[in-house]
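Source file: protein10.cif. Holds: mmCIF, C-alpha atoms and all ligand atoms.
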```cif
data_final
#
loop_
_atom_site.label_atom_id
_atom_site.label_comp_id
_atom_site.auth_asym_id
_atom_site.auth_seq_id
_atom_site.Cartn_x
_atom_site.Cartn_y
_atom_site.Cartn_z
CA MET D 782 178.17 187.91 237.36
CA ASN D 783 178.02 185.30 240.10
CA PRO D 784 174.36 184.15 240.12
CA ASN D 785 174.73 182.73 243.62
CA THR D 786 173.47 185.56 245.82
CA SER D 787 175.31 184.32 248.89
CA GLN D 788 178.76 184.28 247.31
CA PRO D 789 180.75 187.53 247.05
CA TRP D 790 181.22 188.99 243.59
CA SER D 791 184.79 188.86 242.29
CA GLN D 792 186.70 192.07 243.03
CA ALA D 793 186.56 192.92 239.30
CA GLU D 794 182.76 192.47 239.26
CA PHE D 795 182.48 194.47 242.49
CA GLU D 796 184.55 197.34 241.02
CA THR D 797 182.39 197.32 237.89
CA LEU D 798 179.28 197.66 240.06
CA LEU D 799 180.84 200.54 242.03
CA ARG D 800 181.83 202.35 238.83
CA GLY D 801 178.40 201.60 237.38
CA LYS D 802 176.93 204.12 239.80
CA SER D 803 178.44 206.93 237.72
CA SER D 804 174.98 207.54 236.26
CA SER D 805 173.91 208.93 239.67
CA TYR D 806 176.91 211.26 239.88
CA HIS D 807 176.14 214.97 240.21
CA ILE D 808 177.80 215.76 236.88
CA HIS D 809 174.38 214.76 235.51
CA HIS D 810 172.48 217.11 237.83
CA PRO D 811 170.54 219.79 235.87
CA PHE D 812 172.47 222.58 237.62
CA HIS D 813 175.85 221.13 236.63
CA VAL D 814 174.56 220.47 233.10
CA MET D 815 173.53 224.13 232.89
CA MET D 816 177.01 225.08 234.22
CA ALA D 817 178.79 222.95 231.61
CA GLU D 818 176.61 224.44 228.85
CA GLY D 819 177.40 228.01 229.90
CA LYS D 820 173.81 228.74 230.93
CA LEU D 821 174.47 229.97 234.48
CA THR D 822 174.28 233.64 235.27
CA ARG D 823 177.10 235.37 237.16
CA GLN D 824 174.94 235.34 240.31
CA GLN D 825 174.17 231.61 239.96
CA LEU D 826 177.85 230.76 239.57
CA GLN D 827 178.68 232.93 242.60
CA GLY D 828 175.94 231.17 244.58
CA TRP D 829 177.38 227.76 243.66
CA VAL D 830 180.91 228.76 244.73
CA ALA D 831 179.69 230.30 248.01
CA ASN D 832 177.56 227.26 248.93
CA ARG D 833 180.15 224.68 247.88
CA PHE D 834 182.65 226.38 250.21
CA TYR D 835 180.73 224.80 253.11
CA TYR D 836 181.39 221.38 251.55
CA GLN D 837 185.07 222.19 251.09
CA ILE D 838 185.66 223.27 254.70
CA SER D 839 183.72 220.20 255.89
CA ILE D 840 185.92 217.68 254.06
CA PRO D 841 188.81 217.97 256.57
CA LEU D 842 186.33 217.57 259.46
CA LYS D 843 185.01 214.44 257.76
CA ASP D 844 188.51 213.11 257.21
CA ALA D 845 189.52 213.94 260.81
CA ALA D 846 186.50 211.94 261.98
CA ILE D 847 187.73 208.98 259.97
CA LEU D 848 191.22 209.35 261.45
CA SER D 849 189.83 209.54 264.98
CA ASN D 850 187.87 206.31 264.45
CA CYS D 851 190.60 204.46 262.54
CA ASP D 852 192.86 202.05 264.48
CA ASN D 853 194.98 201.20 261.43
CA ARG D 854 198.25 203.17 261.30
CA GLU D 855 198.89 202.43 257.63
CA ILE D 856 195.46 203.75 256.67
CA ARG D 857 195.93 206.85 258.87
CA ARG D 858 199.31 207.62 257.28
CA GLU D 859 197.61 207.77 253.87
CA TRP D 860 194.38 209.40 255.01
CA ILE D 861 196.04 212.32 256.80
CA LEU D 862 197.27 213.58 253.40
CA ARG D 863 193.67 214.47 252.57
CA ILE D 864 193.51 216.90 255.47
CA LEU D 865 196.78 218.53 254.44
CA ASP D 866 195.50 218.84 250.84
CA HIS D 867 192.66 221.01 252.09
CA ASP D 868 194.11 222.78 255.12
CA GLY D 869 197.52 223.31 253.54
CA LEU D 870 200.85 222.93 255.31
CA GLN D 871 204.14 224.65 256.12
CA LEU D 872 206.74 221.93 256.72
CA ALA D 873 210.47 221.60 256.03
CA GLY D 874 210.43 224.43 253.53
CA ILE D 875 207.25 223.23 251.83
CA HIS D 876 204.50 225.86 251.82
CA ASP D 877 201.11 224.88 250.44
CA GLU D 878 198.12 227.18 250.96
CA GLY D 879 195.78 224.21 250.57
CA GLY D 880 192.49 223.62 248.78
CA ILE D 881 190.31 225.66 251.12
CA GLU D 882 192.41 228.75 250.39
CA ALA D 883 192.27 227.90 246.68
CA TRP D 884 188.45 227.79 246.92
CA VAL D 885 188.46 231.27 248.50
CA GLY D 886 190.50 232.28 245.45
CA LEU D 887 187.80 230.74 243.25
CA GLY D 888 185.27 232.89 245.09
CA GLU D 889 187.29 236.04 244.41
CA ALA D 890 187.72 234.94 240.76
CA VAL D 891 183.93 234.86 240.31
CA GLY D 892 183.53 238.28 241.90
CA LEU D 893 182.83 237.48 245.55
CA SER D 894 184.81 239.03 248.38
CA ARG D 895 186.82 236.84 250.75
CA ASP D 896 184.32 237.70 253.47
CA ASP D 897 181.38 236.74 251.22
CA VAL D 898 182.90 233.22 251.09
CA VAL D 899 184.39 232.62 254.53
CA SER D 900 181.44 234.21 256.38
CA LEU D 901 179.17 231.47 254.95
CA ARG D 902 176.47 234.14 254.71
CA TYR D 903 175.21 232.77 251.39
CA VAL D 904 175.10 229.09 252.43
CA VAL D 905 171.47 227.94 252.36
CA PRO D 906 170.02 225.60 255.04
CA ALA D 907 169.47 222.64 252.70
CA ALA D 908 173.09 222.85 251.55
CA ARG D 909 174.26 222.76 255.17
CA PHE D 910 171.99 219.78 255.90
CA ALA D 911 173.33 217.77 252.95
CA VAL D 912 176.95 218.43 253.90
CA ASP D 913 176.34 217.83 257.61
CA ALA D 914 174.72 214.47 256.76
CA TYR D 915 178.04 213.44 255.19
CA VAL D 916 180.20 214.65 258.09
CA ASN D 917 177.91 213.02 260.66
CA PHE D 918 177.96 209.77 258.66
CA ALA D 919 181.78 209.75 258.96
CA ARG D 920 181.59 210.54 262.68
CA ARG D 921 179.04 207.86 263.55
CA GLN D 922 179.67 204.98 261.14
CA PRO D 923 182.66 202.59 261.22
CA TRP D 924 185.69 204.22 259.58
CA GLN D 925 185.66 201.51 256.90
CA GLU D 926 182.21 202.70 255.77
CA ALA D 927 183.37 206.32 255.70
CA VAL D 928 186.30 205.26 253.48
CA ALA D 929 183.84 203.67 251.06
CA SER D 930 181.68 206.82 251.04
CA SER D 931 184.59 208.85 249.62
CA LEU D 932 184.49 206.80 246.40
CA THR D 933 182.25 209.29 244.63
CA GLU D 934 185.66 210.67 243.72
CA LEU D 935 185.92 207.79 241.23
CA PHE D 936 183.94 210.16 239.02
CA ALA D 937 185.40 213.50 240.18
CA PRO D 938 188.29 213.93 237.70
CA HIS D 939 185.69 214.08 234.91
CA ILE D 940 183.77 216.96 236.51
CA HIS D 941 186.92 218.88 237.44
CA GLN D 942 188.24 218.52 233.87
CA GLN D 943 184.86 219.61 232.52
CA ARG D 944 185.11 222.89 234.46
CA ILE D 945 188.70 223.44 233.37
CA ASP D 946 187.64 222.86 229.74
CA THR D 947 184.38 224.84 229.67
CA TRP D 948 184.63 227.78 232.07
CA PRO D 949 187.18 229.80 230.02
CA THR D 950 184.80 229.71 227.02
CA HIS D 951 181.46 230.04 228.82
CA TYR D 952 182.54 232.29 231.70
CA PRO D 953 185.48 234.31 230.31
CA TRP D 954 184.91 236.91 233.04
CA VAL D 955 186.14 234.40 235.65
CA ASP D 956 189.84 234.94 236.43
CA ALA D 957 191.61 231.80 235.17
CA GLU D 958 193.66 231.65 238.39
CA GLY D 959 190.43 230.69 240.13
CA LEU D 960 190.45 227.30 238.35
CA ARG D 961 193.56 226.30 240.32
CA TYR D 962 191.47 224.24 242.74
CA PHE D 963 190.03 222.04 239.99
CA LYS D 964 193.47 221.52 238.46
CA GLN D 965 195.06 220.38 241.72
CA ARG D 966 192.15 218.02 242.45
CA LEU D 967 192.81 216.13 239.20
CA THR D 968 195.92 214.51 240.71
CA GLN D 969 194.80 214.53 244.35
CA ALA D 970 191.47 212.82 243.56
CA ARG D 971 193.21 210.10 241.55
CA ARG D 972 195.63 209.44 244.43
CA ASP D 973 192.78 209.36 246.95
CA VAL D 974 190.68 207.04 244.81
CA ALA D 975 193.55 204.60 244.25
CA HIS D 976 193.90 204.27 248.02
CA GLY D 977 190.20 204.26 248.90
CA LEU D 978 189.22 201.87 246.12
CA HIS D 979 191.98 199.38 246.95
CA PHE D 980 190.85 199.31 250.58
CA THR D 981 187.14 199.09 249.71
CA LEU D 982 187.58 196.27 247.19
CA ASP D 983 189.60 194.33 249.75
CA HIS D 984 187.70 194.98 252.97
CA PHE D 985 184.14 194.78 251.62
CA SER D 986 184.76 191.66 249.50
CA GLN D 987 184.78 189.41 252.57
CA THR D 988 181.06 188.77 252.07
CA ARG D 989 178.35 189.55 249.56
CA ALA D 990 176.44 191.41 252.25
CA LEU D 991 179.43 193.70 252.85
CA GLN D 992 179.74 194.33 249.11
CA GLU D 993 176.07 195.25 248.89
CA ARG D 994 176.55 197.53 251.94
CA ALA D 995 179.40 199.32 250.12
CA LEU D 996 177.14 199.93 247.12
CA GLU D 997 174.46 201.29 249.48
CA ILE D 998 177.02 203.62 251.10
CA LEU D 999 178.22 204.91 247.74
CA GLN D 1000 174.61 205.61 246.75
CA PHE D 1001 174.14 207.55 250.02
CA LYS D 1002 177.10 209.79 249.21
CA LEU D 1003 175.95 210.23 245.60
CA ASP D 1004 172.61 211.34 247.06
CA VAL D 1005 174.42 213.81 249.36
CA LEU D 1006 176.10 215.44 246.35
CA TRP D 1007 172.83 215.43 244.39
CA ALA D 1008 170.92 216.98 247.30
CA LEU D 1009 173.63 219.64 247.64
CA ALA D 1010 173.19 220.53 243.97
CA ASP D 1011 169.39 220.55 244.45
CA ALA D 1012 169.76 223.01 247.33
CA ILE D 1013 172.04 225.30 245.35
CA MET D 1014 169.86 225.19 242.23
CA LEU D 1015 166.67 225.94 244.19
CA SER D 1016 168.35 228.83 245.98
CA GLN D 1017 169.77 230.26 242.75
CA CYS D 1018 166.90 229.91 240.33
CA GLU D 1019 164.02 232.36 240.15
CA ILE D 1020 160.86 230.53 241.12
CA ASP D 1021 157.71 231.89 239.56
CA ILE D 1022 155.05 230.73 242.01
CA LYS D 1023 151.79 230.66 240.11
CA GLY D 1024 148.54 231.69 241.72
CA PRO D 1025 147.46 234.63 243.81
CA LYS D 1026 150.33 236.78 244.94
CA PRO D 1027 150.73 236.74 248.75
O1 LIG C 1101 186.79 218.95 246.03
C1 LIG C 1101 186.34 217.71 246.36
C2 LIG C 1101 186.96 216.97 247.34
O2 LIG C 1101 188.04 217.45 247.97
C3 LIG C 1101 186.43 215.72 247.68
C4 LIG C 1101 186.90 214.76 248.71
C5 LIG C 1101 186.05 213.54 248.42
C6 LIG C 1101 185.47 212.93 249.67
O3 LIG C 1101 186.26 212.61 250.58
O4 LIG C 1101 184.24 212.70 249.70
N1 LIG C 1101 185.01 213.99 247.52
C7 LIG C 1101 185.33 215.22 247.02
C8 LIG C 1101 184.70 215.94 246.02
C9 LIG C 1101 185.22 217.22 245.69
N2 LIG C 1101 184.68 218.01 244.72
C10 LIG C 1101 183.37 217.66 244.17
C11 LIG C 1101 183.09 218.54 242.95
O5 LIG C 1101 182.14 218.26 242.23
O6 LIG C 1101 183.83 219.52 242.80
C12 LIG C 1101 183.30 216.19 243.95
C13 LIG C 1101 183.43 215.49 245.30
C14 LIG C 1101 183.24 214.01 245.14
O7 LIG C 1101 183.16 213.53 244.00
O8 LIG C 1101 183.06 213.31 246.16
#
```

Could you rewrite the structure in this file as structure tokens?
Amino acid sequence: MNPNTSQPWSQAEFETLLRGKSSSYHIHHPFHVMMAEGKLTRQQLQGWVANRFYYQISIPLKDAAILSNCDNREIRREWILRILDHDGLQLAGIHDEGGIEAWVGLGEAVGLSRDDVVSLRYVVPAARFAVDAYVNFARRQPWQEAVASSLTELFAPHIHQQRIDTWPTHYPWVDAEGLRYFKQRLTQARRDVAHGLHFTLDHFSQTRALQERALEILQFKLDVLWALADAIMLSQCEIDIKGPKP
């Protein structure tokens, strides 16, 4: 590692530092650990799906904010695919329902109604605040910073695969069709990360200060995902408040 704090790290060192933040990824959050170990109740799993829907429908708004701020046509041509992945498309004979529709299907697979999911009635305030912090970051910050914030997806294939591997055993009552979203993200996330990482390594390696800013941005987004899991766990776990009953 370059000991000179004014010189940029090499791109390989910089990538290692970005990937090194995996320890803060929400796969390690107690709620997701409980999920992977089969310890969630039906209601807790339903609560997670219903609250995460707000994150899913917010991703295209976040990506549209990046597009609206981005003056680079090559970047926009790649980035627009992310919106289509979630919103779906009907073009030249191709019909893709999209990830948001697949998440509604996940909701129905865990026993929620379509209206339970799309109405957002079960989304708790702290979950909204965490997600809105991410969307507003993308709206207000330079598009290059919003690109860097998407790199939590460096770690996403692992958590999607974990759900694909563990839910059938731990939650056999969930209709397997509902896992479609996780399966399609395995390839989409890898494509997104290849693009976002290449840009981030290149753009932010101009100076050490920019590289350190990219690490700070990635930590912000890791904290968004962690706070979202906090909100869901708090809303879904019985809290036995000691002391005199109100
Ligand atoms: O389903 C997810 C998704 O579409 C995205 C887009 C990307 C971004 O632009 O920030 N991040 C992301 C993530 C998705 N799913 C999360 C999960 O745990 O299911 C993981 C999340 C991410 O790692 O950022």

Please identify every residue of stretch 884-1001 of chain D that has at least one atom no farther than 10 Å from an atom of stretch 866-870 of chain D, counting all atoms listed in the file, and for each give the shortest atom pair and the distance in Å to one decimal, arranged by chain then increasing number, as JSON lines.
```
{"residue": "D:Trp884", "atom": "CA", "partner": "D:His867", "partner_atom": "CA", "distance": 9.5}
{"residue": "D:Tyr962", "atom": "CA", "partner": "D:His867", "partner_atom": "CA", "distance": 10.0}
{"residue": "D:Gln965", "atom": "CA", "partner": "D:Asp866", "partner_atom": "CA", "distance": 9.3}
{"residue": "D:Arg966", "atom": "CA", "partner": "D:Asp866", "partner_atom": "CA", "distance": 9.1}
{"residue": "D:Gln969", "atom": "CA", "partner": "D:Asp866", "partner_atom": "CA", "distance": 7.8}
```

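The gap separating atom CA of D:Leu999 from atom CA of D:Gly828 is 26.5 Å, in Å to one decimal.
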
Could you tell me how far atom CA of D:Ala908 lies from atom CA of D:Leu842, in Å and to one decimal? 16.3 Å

Stretch 818-829 of chain D: axis-aligned bounding box, 4 Å on each side, centre and edge lengths in Å, one decimal, as AutoDock Vina command-line options:
```
--center_x 176.2 --center_y 229.9 --center_z 236.7 --size_x 12.9 --size_y 18.9 --size_z 23.7
```

Once you count only C-alpha atoms and all ligand atoms, which residues end up within 6 Å of ligand LIG 1101 (chain C), and could you hand them over as a compact mmCIF listing (two decimals) with C-alpha atoms, keeping the file's coordinate frame?
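Produced file pocket_5.txt, reproduced below:
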```txt
# COMPACT_ATOMS: atom_id res chain seq x y z
CA SER D 931 184.59 208.85 249.62
CA THR D 933 182.25 209.29 244.63
CA GLU D 934 185.66 210.67 243.72
CA ALA D 937 185.40 213.50 240.18
```

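When atom CA of D:Gln837 is paired with atom CA of D:Asn850, their separation reads 20.9 Å.
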
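Closest approach to D:Ala927 among D:Asn853, D:Ser803, D:Gln827, D:Thr981 is made by D:Thr981 (distances from only C-alpha atoms).
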
Restricting the calculation to all atoms listed in the file, which member of D:Ser986, D:Gln922, D:Gln792, D:Gln943 is positioned closest to D:Cys851? D:Gln922

Using all atoms listed in the file for the distances, tell me which of D:Trp829, D:Phe795, D:Tyr915, D:Tyr903 is nearest to D:Val891. D:Trp829

Out of D:Asp1011, D:Leu960, D:Asp983, D:Arg858, which residue has the shortest atom-to-atom distance to D:Asp946 when counting all atoms listed in the file? D:Leu960

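The smallest atom-to-atom distance between D:Ala929 and any of D:Trp948, D:Trp790, D:Trp954, D:Phe980, using all atoms listed in the file, is found for D:Phe980.
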
Do a neighbour search on D:Leu821 at 10 Å with only C-alpha atoms, toss out local chain neighbours closer than 4 positions, and write the hits as a VMD selection string. chain D and resid 812 to 817 825 to 827 829 951 to 952 1017 to 1018

Contacts of D:Gly886 at 8 Å (only C-alpha atoms; same-chain gap of 6+ positions) as a PyMOL selection string: chain D and resi 895+958-959

Could the residues in this selection be written to a file with C-alpha atoms, as a JSON list (two decimals), in the frame of the given file?
```json
[["chain", "number", "residue", "atom", "x", "y", "z"],
["D", 895, "ARG", "CA", 186.82, 236.84, 250.75],
["D", 958, "GLU", "CA", 193.66, 231.65, 238.39],
["D", 959, "GLY", "CA", 190.43, 230.69, 240.13]]
```
